[in-house]
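Asker: mmCIF, C-alpha atoms, file entry_9.cif:
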data_entry
#
loop_
_atom_site.label_atom_id
_atom_site.label_comp_id
_atom_site.auth_asym_id
_atom_site.auth_seq_id
_atom_site.Cartn_x
_atom_site.Cartn_y
_atom_site.Cartn_z
CA MET A 1 49.80 9.54 2.12
CA LYS A 2 48.06 9.91 5.45
CA PRO A 3 44.78 8.09 6.14
CA ASP A 4 41.56 10.08 5.92
CA ILE A 5 39.42 8.09 8.36
CA GLU A 6 39.48 5.29 10.89
CA ALA A 7 36.71 2.69 10.68
CA VAL A 8 35.32 -0.63 11.83
CA PHE A 9 34.91 -2.98 8.86
CA GLU A 10 32.16 -5.53 8.30
CA PHE A 11 32.49 -7.74 5.24
CA ILE A 12 29.72 -9.85 3.71
CA GLY A 13 29.49 -12.61 1.13
CA PHE A 14 32.68 -13.97 -0.42
CA ARG A 15 34.81 -11.15 1.07
CA LYS A 16 33.92 -12.08 4.69
CA GLY A 17 37.09 -13.51 6.23
CA ASN A 18 38.89 -13.05 2.92
CA THR A 19 40.56 -9.65 2.82
CA TYR A 20 44.13 -8.41 2.81
CA GLU A 21 46.32 -5.41 3.63
CA GLY A 22 46.15 -2.83 0.83
CA TYR A 23 42.65 -3.86 -0.28
CA ARG A 24 41.09 -1.10 -2.47
CA PRO A 25 37.32 -1.37 -2.85
CA ALA A 26 35.04 1.40 -4.04
CA HIS A 27 33.24 3.33 -1.28
CA LEU A 28 29.82 4.98 -1.60
CA ILE A 29 30.65 8.29 0.07
CA CYS A 30 27.30 9.90 -0.77
CA GLU A 31 24.53 9.40 -3.31
CA GLY A 32 26.13 9.00 -6.73
CA CYS A 33 29.70 9.30 -5.43
CA LEU A 34 31.84 6.15 -5.49
CA THR A 35 35.55 6.51 -4.81
CA THR A 36 38.46 4.16 -4.27
CA GLY A 37 40.12 3.93 -0.90
CA LEU A 38 43.20 2.11 0.32
CA HIS A 39 42.59 0.00 3.44
CA SER A 40 45.11 -0.58 6.20
CA TYR A 41 44.08 -2.88 9.08
CA TYR A 42 45.18 -2.84 12.71
CA ASN A 43 44.46 -6.46 13.63
CA LEU A 44 44.25 -8.44 10.39
CA ASP A 45 47.00 -10.83 11.50
CA GLN A 46 44.79 -11.95 14.42
CA ASN A 47 42.05 -13.14 12.02
CA ASP A 48 39.55 -11.24 14.16
CA TYR A 49 37.15 -10.37 11.35
CA GLU A 50 34.34 -9.60 13.80
CA ASN A 51 36.28 -6.64 15.20
CA LEU A 52 38.34 -5.60 12.20
CA ARG A 53 39.48 -2.00 12.56
CA GLY A 54 41.76 0.15 10.48
CA THR A 55 42.05 3.18 8.24
CA ILE A 56 41.03 4.27 4.76
CA THR A 57 42.96 6.66 2.54
CA PHE A 58 40.61 7.99 -0.14
CA VAL A 59 41.42 9.14 -3.67
CA THR A 60 40.80 12.89 -4.15
CA PRO A 61 38.91 13.61 -0.89
CA GLU A 62 38.75 17.27 -1.90
CA ASP A 63 36.11 16.26 -4.47
CA TYR A 64 33.56 15.33 -1.76
CA PRO A 65 34.13 17.80 1.11
CA LYS A 66 31.99 17.82 4.26
CA SER A 67 30.45 14.46 3.38
CA LEU A 68 31.44 12.29 6.37
CA TRP A 69 30.79 12.13 10.12
CA VAL A 70 31.63 9.77 12.97
CA GLY A 71 29.11 6.93 13.00
CA LYS A 72 28.34 7.11 9.28
CA GLN A 73 28.24 3.70 7.61
CA ILE A 74 29.79 3.60 4.13
CA GLU A 75 28.96 0.79 1.71
CA MET A 76 31.92 -0.90 -0.01
CA TYR A 77 31.80 -2.40 -3.51
CA GLU A 78 33.75 -4.52 -5.96
CA GLY A 79 32.17 -3.57 -9.27
CA ALA A 80 28.39 -3.81 -8.80
CA LYS A 81 28.69 -6.26 -5.88
CA MET A 82 28.45 -4.87 -2.35
CA VAL A 83 31.13 -6.52 -0.18
CA GLY A 84 30.57 -4.81 3.17
CA TYR A 85 30.47 -1.67 5.26
CA ALA A 86 32.90 0.67 6.97
CA THR A 87 31.56 2.52 10.02
CA ILE A 88 33.54 5.69 10.70
CA THR A 89 35.04 5.99 14.19
CA GLU A 90 37.36 8.96 13.59
CA ILE A 91 38.03 11.49 10.83
CA PHE A 92 41.64 12.60 10.35
CA ASN A 93 41.14 14.76 7.24
CA PRO A 94 39.22 17.94 8.19
CA ILE A 95 38.12 18.49 4.57
CA LEU A 96 35.76 15.51 4.96
CA CYS A 97 34.08 16.56 8.23
CA LYS A 98 30.43 17.52 7.97
#
In structure tokens, write the structure found in this file.

Answerer:
Amino acid sequence: MKPDIEAVFEFIGFRKGNTYEGYRPAHLICEGCLTTGLHSYYNLDQNDYENLRGTITFVTPEDYPKSLWVGKQIEMYEGAKMVGYATITEIFNPILCK
């Protein structure tokens, strides 16, 4: 599976400085639309959590077409708890482009 977007990640609370390759939080794509996404990080091994960049591969992106743009900040959740944000820097999947 190819990644859908590239993003800069900012984690908060217990997840700050405590993440791992293959992490799969829920992402609030748009109002009322949470979806799982698989994270892959470029620089996780450097423990540079202030500048953590990588990609997200979403589940069924065809279900929320034209919902993303560069610069959009997506909230990330574990259950009801918000664990951070992903700010989009590039969109690879044209279905998602607004």

Asker: Find the spatial neighbours of region 31-41 of chain A, counting all atoms listed in the file, within a cut-off of 8 Å - ignore same-chain residues fewer than 3 positions away - and output them as a ChimeraX atom specification.

Answerer: /A:21-28,44,52-59

Asker: For Phe11 (chain A), which of A:Ser67, A:Asn51, A:Thr89, A:Thr60 is the closest residue, counting only C-alpha atoms?

Answerer: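 The answer is A:Asn51, which sits nearest to Phe11 (chain A).
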
Asker: Measuring between all atoms listed in the file, which one of A:Trp69, A:Met82, A:Thr19, A:Glu75 shows the shortest distance to Glu6 (chain A)?

Answerer: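 Among the listed residues, the smallest separation from Glu6 (chain A) belongs to A:Trp69.
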
Asker: For each of A:Pro94, A:Asp48, A:Thr87, A:Gly79, take the minimum atom-to-atom distance to Asn18 (chain A), counting all atoms listed in the file, then give the residue where this is smallest.

Answerer: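 Smallest distance to Asn18 (chain A) is found for A:Asp48.
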
Asker: Counting only C-alpha atoms, which residue out of A:Lys98, A:Tyr49, A:Glu78, A:Gly71 sits closest to Lys16 (chain A)?

Answerer: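 Under the stated criterion, the closest residue is A:Tyr49.
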
Asker: What is the distance between CA of Ile5 (chain A) and CA of Asn93 (chain A), in Å to one decimal?

Answerer: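 These two atoms are separated by 7.0 Å.
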
Asker: Can you work out which one of A:Leu96, A:Asp45, A:Pro61, A:Tyr77 has the shortest atom-to-atom distance to Tyr20 (chain A), counting all atoms listed in the file?

Answerer: A:Asp45

Asker: Tell me, in Å to one decimal, how far CA of Ala7 (chain A) is from CA of Gln46 (chain A).

Answerer: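 For CA of Ala7 (chain A) relative to CA of Gln46 (chain A), the distance reads 17.1 Å.
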
Asker: Could you check the closest approach to Ile91 (chain A) for each of A:Met1, A:Val8, A:Val70, A:Ile29 and tell me which residue wins, using all atoms listed in the file?

Answerer: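 Of A:Met1, A:Val8, A:Val70, A:Ile29, the one nearest Ile91 (chain A), counting all atoms listed in the file, is A:Val70.
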
Asker: Between CA of Glu62 (chain A) and CA of Cys30 (chain A), what is the distance in Å, rounded to a tenth?

Answerer: 13.7 Å
